Each structure stands twice: as C-alpha cells, then as structure tokens.
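Participant: File follows, protein09.pdb with PDB, C-alpha atoms and all ligand atoms:
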```pdb
MODEL        1
ATOM      1  CA  MET A   1       0.153  21.320  22.046
ATOM      2  CA  LYS A   2      -3.539  20.846  22.849
ATOM      3  CA  THR A   3      -4.177  17.657  24.789
ATOM      4  CA  ALA A   4      -3.005  14.921  22.476
ATOM      5  CA  LEU A   5      -5.402  12.358  21.039
ATOM      6  CA  ILE A   6      -2.620   9.781  21.089
ATOM      7  CA  ALA A   7       0.771  10.202  22.710
ATOM      8  CA  ALA A   8       3.761   7.953  23.264
ATOM      9  CA  GLN A   9       6.885   8.329  25.355
ATOM     10  CA  GLY A  10      10.078   6.373  25.022
ATOM     11  CA  LEU A  11       8.526   3.720  22.801
ATOM     12  CA  THR A  12      10.717   0.726  22.024
ATOM     13  CA  VAL A  13       8.989  -2.047  20.081
ATOM     14  CA  ASP A  14      10.443  -5.407  19.072
ATOM     15  CA  ARG A  15      10.033  -7.003  15.678
ATOM     16  CA  PRO A  16       7.402  -9.713  15.871
ATOM     17  CA  GLY A  17       8.912 -12.928  17.208
ATOM     18  CA  SER A  18      12.231 -11.288  17.974
ATOM     19  CA  ARG A  19      14.083  -9.376  20.665
ATOM     20  CA  GLU A  20      15.494  -7.030  18.068
ATOM     21  CA  ALA A  21      13.946  -3.582  18.187
ATOM     22  CA  ALA A  22      12.015  -2.320  15.182
ATOM     23  CA  LEU A  23      11.662   1.029  16.919
ATOM     24  CA  THR A  24      13.807   2.588  19.619
ATOM     25  CA  ASN A  25      12.892   5.339  22.053
ATOM     26  CA  VAL A  26      10.222   7.093  19.997
ATOM     27  CA  ASP A  27       8.270  10.029  21.399
ATOM     28  CA  PHE A  28       5.089  10.913  19.588
ATOM     29  CA  ALA A  29       1.949  13.011  19.946
ATOM     30  CA  ILE A  30      -0.874  14.052  17.665
ATOM     31  CA  ALA A  31      -3.266  16.882  18.501
ATOM     32  CA  PRO A  32      -6.925  17.198  17.471
ATOM     33  CA  GLY A  33      -7.262  18.214  13.811
ATOM     34  CA  GLU A  34      -3.580  17.775  13.030
ATOM     35  CA  ILE A  35      -2.285  16.049   9.869
ATOM     36  CA  VAL A  36       0.896  14.136  10.711
ATOM     37  CA  THR A  37       2.759  12.054   8.161
ATOM     38  CA  VAL A  38       5.336   9.389   8.956
ATOM     39  CA  VAL A  39       7.911   8.811   6.230
ATOM     40  CA  GLY A  40      10.888   6.467   6.136
ATOM     41  CA  PRO A  41      12.442   3.688   4.073
ATOM     42  CA  ASN A  42      11.000   0.180   3.853
ATOM     43  CA  GLY A  43      11.380  -1.642   7.137
ATOM     44  CA  SER A  44      12.015   1.561   9.089
ATOM     45  CA  GLY A  45       9.249   0.755  11.568
ATOM     46  CA  LYS A  46       6.403   2.904  10.242
ATOM     47  CA  SER A  47       3.707   0.229  10.434
ATOM     48  CA  THR A  48       5.145  -0.931  13.752
ATOM     49  CA  LEU A  49       4.726   2.580  15.149
ATOM     50  CA  ILE A  50       1.126   2.760  13.922
ATOM     51  CA  ARG A  51       0.259  -0.614  15.401
ATOM     52  CA  ALA A  52       1.855   0.254  18.740
ATOM     53  CA  LEU A  53       0.001   3.579  18.850
ATOM     54  CA  LEU A  54      -3.284   1.768  18.189
ATOM     55  CA  GLY A  55      -2.564  -0.777  20.914
ATOM     56  CA  ASN A  56      -2.233  -3.705  18.478
ATOM     57  CA  LEU A  57       1.399  -4.287  19.422
ATOM     58  CA  ALA A  58       2.748  -4.154  22.945
ATOM     59  CA  PRO A  59       5.923  -2.096  23.382
ATOM     60  CA  ARG A  60       8.966  -3.536  25.146
ATOM     61  CA  GLU A  61       9.478  -0.162  26.786
ATOM     62  CA  GLY A  62       7.650   3.111  26.989
ATOM     63  CA  LYS A  63       4.040   4.072  27.176
ATOM     64  CA  VAL A  64       1.186   4.888  24.800
ATOM     65  CA  THR A  65      -1.733   7.016  25.942
ATOM     66  CA  ARG A  66      -4.938   7.333  23.991
ATOM     67  CA  ARG A  67      -7.657   9.777  24.953
ATOM     68  CA  PRO A  68     -10.391   7.772  26.731
ATOM     69  CA  GLY A  69     -13.176   6.765  24.335
ATOM     70  CA  LEU A  70     -11.167   7.943  21.336
ATOM     71  CA  ARG A  71     -12.943   7.134  18.044
ATOM     72  CA  ILE A  72     -10.395   5.865  15.538
ATOM     73  CA  GLY A  73     -10.842   5.102  11.832
ATOM     74  CA  TYR A  74      -8.047   2.814  10.649
ATOM     75  CA  VAL A  75      -6.982   1.660   7.203
ATOM     76  CA  PRO A  76      -4.172  -0.901   7.599
ATOM     77  CA  GLN A  77      -1.377  -1.227   5.053
ATOM     78  CA  ARG A  78      -2.739  -4.405   3.504
ATOM     79  CA  VAL A  79      -6.424  -5.050   3.172
ATOM     80  CA  GLN A  80      -7.178  -8.473   1.763
ATOM     81  CA  ILE A  81     -10.379  -8.788  -0.162
ATOM     82  CA  GLU A  82     -11.466 -12.072  -1.660
ATOM     83  CA  GLN A  83     -12.127 -10.754  -5.148
ATOM     84  CA  SER A  84     -14.055 -13.798  -6.256
ATOM     85  CA  ILE A  85     -16.805 -13.350  -3.665
ATOM     86  CA  PRO A  86     -19.361 -11.006  -5.173
ATOM     87  CA  MET A  87     -19.960  -8.167  -2.758
ATOM     88  CA  THR A  88     -21.211  -4.661  -3.349
ATOM     89  CA  VAL A  89     -19.524  -1.615  -1.877
ATOM     90  CA  ARG A  90     -22.632  -1.032   0.225
ATOM     91  CA  ARG A  91     -22.449  -4.520   1.742
ATOM     92  CA  PHE A  92     -18.697  -4.166   2.331
ATOM     93  CA  LEU A  93     -19.366  -1.044   4.405
ATOM     94  CA  SER A  94     -21.717  -3.060   6.631
ATOM     95  CA  LEU A  95     -19.031  -5.553   7.605
ATOM     96  CA  PRO A  96     -18.516  -6.251  10.393
ATOM     97  CA  ARG A  97     -21.028  -3.747  11.795
ATOM     98  CA  ARG A  98     -24.369  -3.145  10.115
ATOM     99  CA  ILE A  99     -24.865   0.487   9.255
ATOM    100  CA  GLY A 100     -27.796   2.458   7.897
ATOM    101  CA  ASN A 101     -28.150   3.589   4.284
ATOM    102  CA  ASP A 102     -27.826   7.245   5.185
ATOM    103  CA  GLU A 103     -24.609   6.688   7.075
ATOM    104  CA  ALA A 104     -23.177   4.624   4.214
ATOM    105  CA  ALA A 105     -24.152   7.223   1.620
ATOM    106  CA  ALA A 106     -22.680  10.068   3.670
ATOM    107  CA  ALA A 107     -19.353   8.279   4.132
ATOM    108  CA  LEU A 108     -19.085   7.372   0.439
ATOM    109  CA  THR A 109     -19.893  10.931  -0.580
ATOM    110  CA  ARG A 110     -17.326  12.328   1.816
ATOM    111  CA  ALA A 111     -14.738   9.964   0.336
ATOM    112  CA  GLY A 112     -15.635  11.155  -3.169
ATOM    113  CA  VAL A 113     -17.239   7.879  -4.300
ATOM    114  CA  GLY A 114     -20.915   8.555  -3.651
ATOM    115  CA  ASP A 115     -21.832   6.840  -6.928
ATOM    116  CA  LEU A 116     -20.163   3.488  -6.221
ATOM    117  CA  SER A 117     -22.552   2.053  -3.637
ATOM    118  CA  ASP A 118     -23.932  -0.709  -5.893
ATOM    119  CA  ARG A 119     -20.691  -1.577  -7.635
ATOM    120  CA  SER A 120     -18.914  -4.826  -6.988
ATOM    121  CA  ILE A 121     -15.867  -4.442  -4.739
ATOM    122  CA  GLY A 122     -13.824  -6.652  -7.048
ATOM    123  CA  ALA A 123     -14.459  -4.389 -10.035
ATOM    124  CA  LEU A 124     -13.061  -1.190  -8.516
ATOM    125  CA  SER A 125      -9.857   0.505  -9.618
ATOM    126  CA  GLY A 126      -7.064   0.887  -7.048
ATOM    127  CA  GLY A 127      -7.969   4.520  -6.442
ATOM    128  CA  GLN A 128     -11.663   3.737  -6.051
ATOM    129  CA  PHE A 129     -10.913   0.915  -3.618
ATOM    130  CA  GLN A 130      -8.716   3.193  -1.485
ATOM    131  CA  ARG A 131     -11.576   5.680  -1.311
ATOM    132  CA  VAL A 132     -14.012   2.972  -0.284
ATOM    133  CA  LEU A 133     -11.587   1.978   2.488
ATOM    134  CA  LEU A 134     -11.447   5.627   3.500
ATOM    135  CA  ALA A 135     -15.270   5.741   3.526
ATOM    136  CA  ARG A 136     -15.327   2.687   5.771
ATOM    137  CA  ALA A 137     -12.821   4.289   8.127
ATOM    138  CA  LEU A 138     -15.038   7.381   8.267
ATOM    139  CA  LEU A 139     -18.020   5.418   9.603
ATOM    140  CA  GLY A 140     -18.596   6.096  13.270
ATOM    141  CA  ASP A 141     -17.361   9.694  12.979
ATOM    142  CA  PRO A 142     -13.717   9.182  14.002
ATOM    143  CA  GLN A 143     -11.749  11.854  15.849
ATOM    144  CA  ILE A 144      -8.631  10.489  14.204
ATOM    145  CA  LEU A 145      -8.046   8.691  10.897
ATOM    146  CA  VAL A 146      -5.031   6.428  10.709
ATOM    147  CA  LEU A 147      -3.951   5.474   7.181
ATOM    148  CA  ASP A 148      -0.981   3.208   6.517
ATOM    149  CA  GLU A 149       0.312   3.845   2.995
ATOM    150  CA  PRO A 150      -3.113   4.687   1.603
ATOM    151  CA  THR A 151      -1.825   5.544  -1.855
ATOM    152  CA  GLN A 152       0.208   2.432  -2.512
ATOM    153  CA  GLY A 153      -0.289   1.394  -6.118
ATOM    154  CA  LEU A 154      -1.837   4.675  -7.268
ATOM    155  CA  ASP A 155      -0.349   6.744 -10.097
ATOM    156  CA  GLN A 156       0.848  10.253  -9.354
ATOM    157  CA  PRO A 157      -2.327  12.140 -10.271
ATOM    158  CA  GLY A 158      -4.210   9.580  -8.152
ATOM    159  CA  ILE A 159      -1.844  10.213  -5.243
ATOM    160  CA  VAL A 160      -2.250  13.956  -5.495
ATOM    161  CA  ALA A 161      -6.033  13.665  -5.687
ATOM    162  CA  PHE A 162      -6.064  11.374  -2.653
ATOM    163  CA  TYR A 163      -4.150  13.864  -0.517
ATOM    164  CA  GLN A 164      -6.377  16.710  -1.603
ATOM    165  CA  LEU A 165      -9.286  14.560  -0.479
ATOM    166  CA  ILE A 166      -7.608  13.944   2.880
ATOM    167  CA  GLU A 167      -7.190  17.672   3.442
ATOM    168  CA  GLN A 168     -10.841  18.161   2.552
ATOM    169  CA  VAL A 169     -11.921  15.458   5.018
ATOM    170  CA  ARG A 170      -9.933  17.171   7.733
ATOM    171  CA  ALA A 171     -11.519  20.525   6.861
ATOM    172  CA  GLU A 172     -15.049  19.067   6.865
ATOM    173  CA  THR A 173     -14.847  16.762   9.879
ATOM    174  CA  GLY A 174     -12.086  18.256  11.993
ATOM    175  CA  ALA A 175     -10.596  14.771  12.365
ATOM    176  CA  ALA A 176      -6.887  14.456  12.999
ATOM    177  CA  ILE A 177      -5.051  12.410  10.379
ATOM    178  CA  LEU A 178      -2.045  10.174  10.937
ATOM    179  CA  MET A 179      -0.628   8.773   7.707
ATOM    180  CA  VAL A 180       2.257   6.635   6.655
ATOM    181  CA  SER A 181       3.558   7.395   3.236
ATOM    182  CA  HIS A 182       6.155   6.761   0.620
ATOM    183  CA  ASP A 183       4.949   9.686  -1.407
ATOM    184  CA  LEU A 184       7.392  11.985   0.247
ATOM    185  CA  LEU A 185       7.063  15.561  -0.770
ATOM    186  CA  VAL A 186       3.538  15.250  -2.108
ATOM    187  CA  VAL A 187       2.348  14.031   1.228
ATOM    188  CA  MET A 188       4.567  16.319   3.113
ATOM    189  CA  ARG A 189       2.916  19.334   1.552
ATOM    190  CA  ALA A 190      -0.467  18.172   2.818
ATOM    191  CA  SER A 191       0.869  17.674   6.346
ATOM    192  CA  ASP A 192       1.162  19.975   9.305
ATOM    193  CA  ARG A 193       4.059  17.913  10.587
ATOM    194  CA  VAL A 194       6.292  15.212   9.151
ATOM    195  CA  ILE A 195       8.150  12.578  11.152
ATOM    196  CA  CYS A 196      11.063  10.932   9.424
ATOM    197  CA  LEU A 197      11.625   7.476  10.845
ATOM    198  CA  ASN A 198      14.463   4.996  10.504
ATOM    199  CA  GLY A 199      14.115   2.729  13.507
ATOM    200  CA  HIS A 200      14.067   5.919  15.542
ATOM    201  CA  VAL A 201      12.950   9.487  14.871
ATOM    202  CA  CYS A 202      15.607  10.988  12.576
ATOM    203  CA  CYS A 203      14.013  14.390  12.363
ATOM    204  CA  GLU A 204      10.611  15.972  12.515
ATOM    205  CA  GLY A 205       9.018  19.304  11.834
ATOM    206  CA  THR A 206       7.136  21.183   9.157
ATOM    207  CA  PRO A 207       7.113  19.647   5.657
ATOM    208  CA  GLN A 208       9.464  22.299   4.344
ATOM    209  CA  SER A 209      11.939  21.988   7.175
ATOM    210  CA  VAL A 210      12.063  18.197   7.057
ATOM    211  CA  GLY A 211      12.315  18.256   3.252
ATOM    212  CA  SER A 212      15.564  20.175   3.526
ATOM    213  CA  ALA A 213      16.956  18.471   6.640
ATOM    214  CA  PRO A 214      20.229  16.610   6.089
ATOM    215  CA  GLU A 215      18.841  13.445   7.758
ATOM    216  CA  TYR A 216      15.923  13.389   5.360
ATOM    217  CA  LEU A 217      18.080  14.064   2.310
ATOM    218  CA  ALA A 218      20.473  11.319   3.385
ATOM    219  CA  LEU A 219      17.585   8.860   3.348
ATOM    220  CA  PHE A 220      15.713  10.075   0.304
ATOM    221  CA  GLY A 221      18.107  12.222  -1.708
ATOM    222  CA  GLY A 222      16.374  14.330  -4.304
ATOM    223  CA  ARG A 223      13.562  11.877  -4.953
ATOM    224  CA  GLY A 224      10.099  13.338  -4.937
ATOM    225  CA  GLU A 225      10.882  16.700  -6.457
ATOM    226  CA  GLY A 226       8.878  15.836  -9.554
ATOM    227  CA  THR A 227       5.887  14.957  -7.444
ATOM    228  CA  LEU A 228       6.247  18.197  -5.529
ATOM    229  CA  ALA A 229       6.037  20.141  -8.788
ATOM    230  CA  LEU A 230       2.985  18.125  -9.798
ATOM    231  CA  TYR A 231       1.355  18.779  -6.480
ATOM    232  CA  GLN A 232       1.912  22.510  -6.667
ATOM    233  CA  HIS A 233       0.609  22.554 -10.199
ATOM    234  CA  GLN A 234      -2.595  20.733  -9.347
ATOM    235  CA  HIS A 235      -3.159  22.146  -5.949
ATOM    236  CA  ASN A 236      -5.497  25.000  -6.686
ATOM    237  CA  HIS A 237      -6.787  25.942  -3.276
ATOM    238  CA  ASP A 238      -5.015  28.148  -0.800
ATOM    239  CA  HIS A 239      -2.071  26.437   0.810
ATOM    240  CA  ASP A 240      -0.187  29.457   1.929
ATOM    241  CA  HIS A 241       0.413  28.447   5.507
ATOM    242  CA  LEU A 242       3.010  30.238   7.545
ATOM    243  CA  HIS A 243       5.321  27.261   7.406
ATOM    244  CA  ASP A 244       5.500  27.513   3.619
ATOM    245  CA  HIS A 245       7.145  30.906   3.808
ATOM    246  CA  PRO A 246      10.770  30.661   2.712
ATOM    247  CA  SER A 247      12.016  32.548   5.767
ATOM    248  CA  GLN A 248      10.519  29.838   7.976
ATOM    249  CA  VAL A 249      12.465  27.062   6.336
ATOM    250  CA  HIS A 250      15.072  25.480   8.612
ATOM    251  CA  ARG A 251      13.601  27.029  11.719
ATOM    252  CA  HIS A 252      11.241  24.317  12.818
ATOM    253  CA  VAL A 253      13.030  21.094  12.136
ATOM    254  CA  GLN A 254      13.993  19.053  15.171
ATOM    255  CA  HIS A 255      16.945  16.781  14.692
ATOM    256  CA  SER A 256      17.520  13.590  16.520
ATOM    257  CA  PRO A 257      20.863  13.654  18.354
ATOM    258  CA  ASP A 258      21.974  10.568  16.443
ATOM    259  CA  GLY A 259      20.446  11.595  13.135
ATOM    260  CA  CYS A 260      19.782   8.731  10.752
ATOM    261  CA  ASN A 261      23.121   7.064  10.929
ATOM    262  CA  HIS A 262      21.938   3.668  11.931
ATOM    263  CA  ASN A 263      19.186   1.414  10.717
ATOM    264  CA  ALA A 264      16.297  -0.085  12.607
ATOM    265  CA  GLY A 265      17.470  -2.489  15.277
TER     266      GLY A 265
HETATM  267  N1  LIG A 301       5.200  -9.995  10.912
HETATM  268  C1  LIG A 301       6.511  -9.756  11.010
HETATM  269  N2  LIG A 301       7.388 -10.750  11.313
HETATM  270  C2  LIG A 301       8.706 -10.515  11.423
HETATM  271  N3  LIG A 301       9.282  -9.303  11.240
HETATM  272  C3  LIG A 301       8.476  -8.279  10.943
HETATM  273  C4  LIG A 301       7.059  -8.447  10.796
HETATM  274  N4  LIG A 301       6.523  -7.238  10.489
HETATM  275  C5  LIG A 301       7.559  -6.368  10.425
HETATM  276  N5  LIG A 301       8.721  -6.978  10.694
HETATM  277  C6  LIG A 301      10.067  -6.339  10.721
HETATM  278  O1  LIG A 301      10.007  -5.207  11.570
HETATM  279  C7  LIG A 301      10.708  -4.115  10.994
HETATM  280  C8  LIG A 301       9.781  -2.937  10.820
HETATM  281  O2  LIG A 301       8.753  -3.282   9.915
HETATM  282  P1  LIG A 301       7.584  -2.296   9.547
HETATM  283  O3  LIG A 301       7.150  -1.561  10.752
HETATM  284  O4  LIG A 301       6.554  -3.089   8.810
HETATM  285  O5  LIG A 301       8.325  -1.281   8.544
HETATM  286  P2  LIG A 301       7.701  -0.238   7.504
HETATM  287  O6  LIG A 301       6.225  -0.155   7.747
HETATM  288  O7  LIG A 301       8.429   1.042   7.790
HETATM  289  O8  LIG A 301       8.059  -0.767   6.142
HETATM  290  C9  LIG A 301      11.274  -4.616   9.681
HETATM  291  O9  LIG A 301      12.605  -4.979   9.903
HETATM  292  C10 LIG A 301      10.430  -5.828   9.361
HETATM  293  O10 LIG A 301      11.175  -6.758   8.625
HETATM  294 MG    MG A 302       4.618  -0.513   6.577
ENDMDL
END
```
Starting from the file, give its structure as structure tokens.

Facilitator:
Amino acid sequence: MKTALIAAQGLTVDRPGSREAALTNVDFAIAPGEIVTVVGPNGSGKSTLIRALLGNLAPREGKVTRRPGLRIGYVPQRVQIEQSIPMTVRRFLSLPRRIGNDEAAAALTRAGVGDLSDRSIGALSGGQFQRVLLARALLGDPQILVLDEPTQGLDQPGIVAFYQLIEQVRAETGAAILMVSHDLLVVMRASDRVICLNGHVCCEGTPQSVGSAPEYLALFGGRGEGTLALYQHQHNHDHDHLHDHPSQVHRHVQHSPDGCNHNAG
C-alpha cells in the first residue's frame, strides 16, 4: 500500500466512561484516493473507530498515525442544527471559519447543491442537508473525507445518489474517503475495500468478497440484496473493476482468526 494517510496498529479503545473495550486490537490503514467503508451492527464500534482515527478519542492500547499536516474533512454521525435560528446555507458554510464566496460556491457545486446557497438550513430535505454537510467537509480541500453514516434517514434512491456523488468527488478531487454505513451492499459496491466490524475486525476485503464472507453473512444475512439490485440498475457509469469479476470473488477476503463470534467488549 502507498504510504497511508491514516494508519492504526493494535487499537483497543474503551467505551466512554468505562474500562470495557468498544474495540479490540484493530489494525487499519487507508491509502490516498481509496474508498474504505466500515460496516457493522449498531454498537459495533464504528463511530469509536472513526473518532480514535481522528484523534478525538484516546486508545487504551495501540497507536494511530496520521500523515503530518493531513487535511481532513469530517462529517460526524450526528450534526445538531438549531432549526429555529434562521441561517442560510451560505452562512452555515462560514461557521466557524469565514470563507470566500467562490470557495463556498465551488464546494456546493461539487456536492451537487450549487443552487441552495441562499436557502434556509432549516428548510432543507434530509438529502439536501447531507449534501450541504458534504460541501462543508470539502472546504479546505481535504486529502481525506470521513463520513459517519452520511445517508442515515435517506430513502433508497437518495442513498444510491449519495454514493454516486461520493465516487464522483473522489474522481474529481482524488480525496480518500472513509465512510461508516448501514447501507451494506449499496455502499460496498462504491468501495474499494470494506471492513466488517463487530468490536473487532471480523473480515475485510473487496466488496464482493466481504459480501459473501461467512462472518459478514452471519451478521447481516441476506439483507441488502434489494438495494444491490437497485444500485446496479441505477448505476450507469462504468464500474467494471477487476474485483467485480466473478472469478475474483472469495480470493481477497481476509478473515479474522476469531471471526465474528463475540460482540464488542
Ligand atoms: N458516549 C457514550 N457513552 C457511553 N457508551 C458509549 C458512548 N458512545 C458509545 N458508547 C458505547 O460504545 C460502543 C460502541 O459504540 P459506537 O462506536 O457508537 O458504535 P456504532 O457506531 O458501531 O453504532 C457501544 O457499546 C456504545 O453503547
Ligand atoms: Mg455510530
């Protein structure tokens, strides 16, 4: 792998206010331009991993390395907006750091919401708000975008459109993308690599290999097949990567020695 933007070795992280581990012995690395998706059940430590990788949570054990001066665009899982305070999208982008009109317009356009600059934040749909958050994360030209469940609350066409946008952002900016998702196979198709987490890394590899790994199926069963079909139907640009070839399936998955037999902590 090219020199990683962010890497972690042997990461064990406690639940806040507890000595119980939310994550145990996780190794991780993301290379420039890579799209990596973290999947796993609720409470499996996905947000904990993200926050430890960003340096917002100190690990009990292990080490996180970030490339010096790394520019990160981050959209946390929950973004609280006081809906009753009138604020335009443009003004929202200038908090907390004032930015120029050109920079704001470019970020909104890249996020597919170039026409929303003067709209009130409180009046946006869920999908529009997610794109505005993406635009804000794109300010400052990040080398890596970190998105924690960016499609929560969107309907399936909205989810599919969001991931197509993410792939486009990667193509246009070259930024690496680290995402947490519940959208399973939809997301997985947009990813170069998928990490299946359940308090530890159960398995990881290409989307196809993880999608058919026993550890993954044990956690998720057949859920997500409908969304996969939808994705393939709507996905009209070339997606014929090597790892999609049927003969490659099963070759690239890496299994954890203990699989997914135990839960976090
Ligand atoms: N602020 C918190 N206080 C106490 N426990 C927490 C807190 N945040 C997360 N946890 C616990 O840590 C574990 C991992 O949580 P989290 O990383 O948020 O999971 P995920 O993002 O996969 O749903 C869970 O057991 C959760 O209950
Ligand atoms: Mg979470």

Participant: Hey, which residues sit close to ligand LIG 301 (chain A)? Say within 10 Å, counting all atoms listed in the file, and write them as a PyMOL selection string.

Facilitator: chain A and resi 13-18+20-23+38-52+77+148-149+180-182+197-199+263-265

Participant: Which residue is closest to Leu133 of chain A? Choose from A:Val146, A:Val26, A:Leu217, A:Val201 and count all atoms listed in the file.

Facilitator: A:Val146

Participant: For the file shown, what are the residues hit by the PyMOL selection byres (((chain A and resi 119) around 12) and not hetatm), laid out as an mmCIF file with C-alpha atoms, keeping the file's coordinate frame?

Facilitator:
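The result, written out as selection.cif:
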```
data_model
loop_
_atom_site.group_PDB
_atom_site.id
_atom_site.type_symbol
_atom_site.label_atom_id
_atom_site.label_comp_id
_atom_site.auth_asym_id
_atom_site.auth_seq_id
_atom_site.Cartn_x
_atom_site.Cartn_y
_atom_site.Cartn_z
ATOM 1 C CA PRO A 86 -19.361 -11.006 -5.173
ATOM 2 C CA MET A 87 -19.960 -8.167 -2.758
ATOM 3 C CA THR A 88 -21.211 -4.661 -3.349
ATOM 4 C CA VAL A 89 -19.524 -1.615 -1.877
ATOM 5 C CA ARG A 90 -22.632 -1.032 0.225
ATOM 6 C CA ARG A 91 -22.449 -4.520 1.742
ATOM 7 C CA PHE A 92 -18.697 -4.166 2.331
ATOM 8 C CA VAL A 113 -17.239 7.879 -4.300
ATOM 9 C CA GLY A 114 -20.915 8.555 -3.651
ATOM 10 C CA ASP A 115 -21.832 6.840 -6.928
ATOM 11 C CA LEU A 116 -20.163 3.488 -6.221
ATOM 12 C CA SER A 117 -22.552 2.053 -3.637
ATOM 13 C CA ASP A 118 -23.932 -0.709 -5.893
ATOM 14 C CA SER A 120 -18.914 -4.826 -6.988
ATOM 15 C CA ILE A 121 -15.867 -4.442 -4.739
ATOM 16 C CA GLY A 122 -13.824 -6.652 -7.048
ATOM 17 C CA ALA A 123 -14.459 -4.389 -10.035
ATOM 18 C CA LEU A 124 -13.061 -1.190 -8.516
ATOM 19 C CA SER A 125 -9.857 0.505 -9.618
ATOM 20 C CA GLN A 128 -11.663 3.737 -6.051
ATOM 21 C CA PHE A 129 -10.913 0.915 -3.618
ATOM 22 C CA VAL A 132 -14.012 2.972 -0.284
#
```

Participant: For atom CA of Leu5 of chain A and atom CA of Gly100 of chain A, quote the distance in Å rounded to one decimal.

Facilitator: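 We find that atom CA of Leu5 of chain A and atom CA of Gly100 of chain A lie 27.8 Å from each other.
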
Participant: Give me, as JSON, numbers by chain, all polymer residues having an atom no more than 9 Å from Ala107 of chain A, counting all atoms listed in the file and skipping those fewer than 3 positions away in the same chain.

Facilitator: {"A": [102, 103, 104, 110, 111, 112, 113, 114, 132, 134, 135, 136, 137, 138, 139]}

Participant: With only C-alpha atoms as the counted atoms, please give the residues lying no more than 12 Å from Ala4 of chain A, apart from itself and same-chain residues fewer than 5 positions off, as a PyMOL selection string.

Facilitator: chain A and resi 28-34+64-68+70+143-144+176

Participant: How many Å lie between atom CA of Arg131 of chain A and atom CA of Ile85 of chain A, rounded to one decimal?

Facilitator: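 We find that atom CA of Arg131 of chain A and atom CA of Ile85 of chain A lie 19.9 Å from each other.
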
Participant: Here is a test: counting all atoms listed in the file, which residue of A:Val160, A:Cys203, A:Ala213, A:Pro59 is nearest to Arg19 of chain A?

Facilitator: A:Pro59

Participant: From the set A:Asp27, A:Asp155, A:Glu82, A:Asp192, which residue has the shortest atom-to-atom contact distance to Gly10 of chain A, counting only C-alpha atoms?

Facilitator: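 Closest candidate: A:Asp27.
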
Participant: What separation in Å, quoted to one decimal, exists between atom MG of ligand MG 302 (chain A) and atom CA of Thr109 of chain A?

Facilitator: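 Here the two named atoms are 28.0 Å from each other.
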
Participant: Which is closest to ligand MG 302 (chain A) among A:Thr3, A:Gln9, A:Gln152, A:Ser94, if we use only C-alpha atoms and all ligand atoms?

Facilitator: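 Looking at the shortest contact to ligand MG 302 (chain A), the residue is A:Gln152.
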
Participant: To box segment 63-68 of chain A, take all atoms listed in the file, fit an axis-aligned box, add 3 Å on each side, and give centre and edge lengths in Å to one decimal, as lines of an AutoDock Vina configuration file.

Facilitator:
```
center_x = -3.2
center_y = 6.9
center_z = 25.6
size_x = 20.4
size_y = 11.7
size_z = 9.2
```

Participant: Using only C-alpha atoms and all ligand atoms, can you tell me which of A:Ile177, A:Ala7, A:Leu219, A:Leu147 comes closest to ligand MG 302 (chain A)?

Facilitator: A:Leu147

Participant: Find the residue from A:Ser209, A:Ser84, A:Asn101, A:Asn25 that sits nearest to His255 of chain A; use all atoms listed in the file when measuring.

Facilitator: A:Ser209

Participant: Please list as JSON, numbers by chain every residue within 9 Å of Gly140 of chain A, counting all atoms listed in the file and excluding residues in the same chain fewer than 5 positions away.

Facilitator: {"A": [71, 72, 73, 103]}
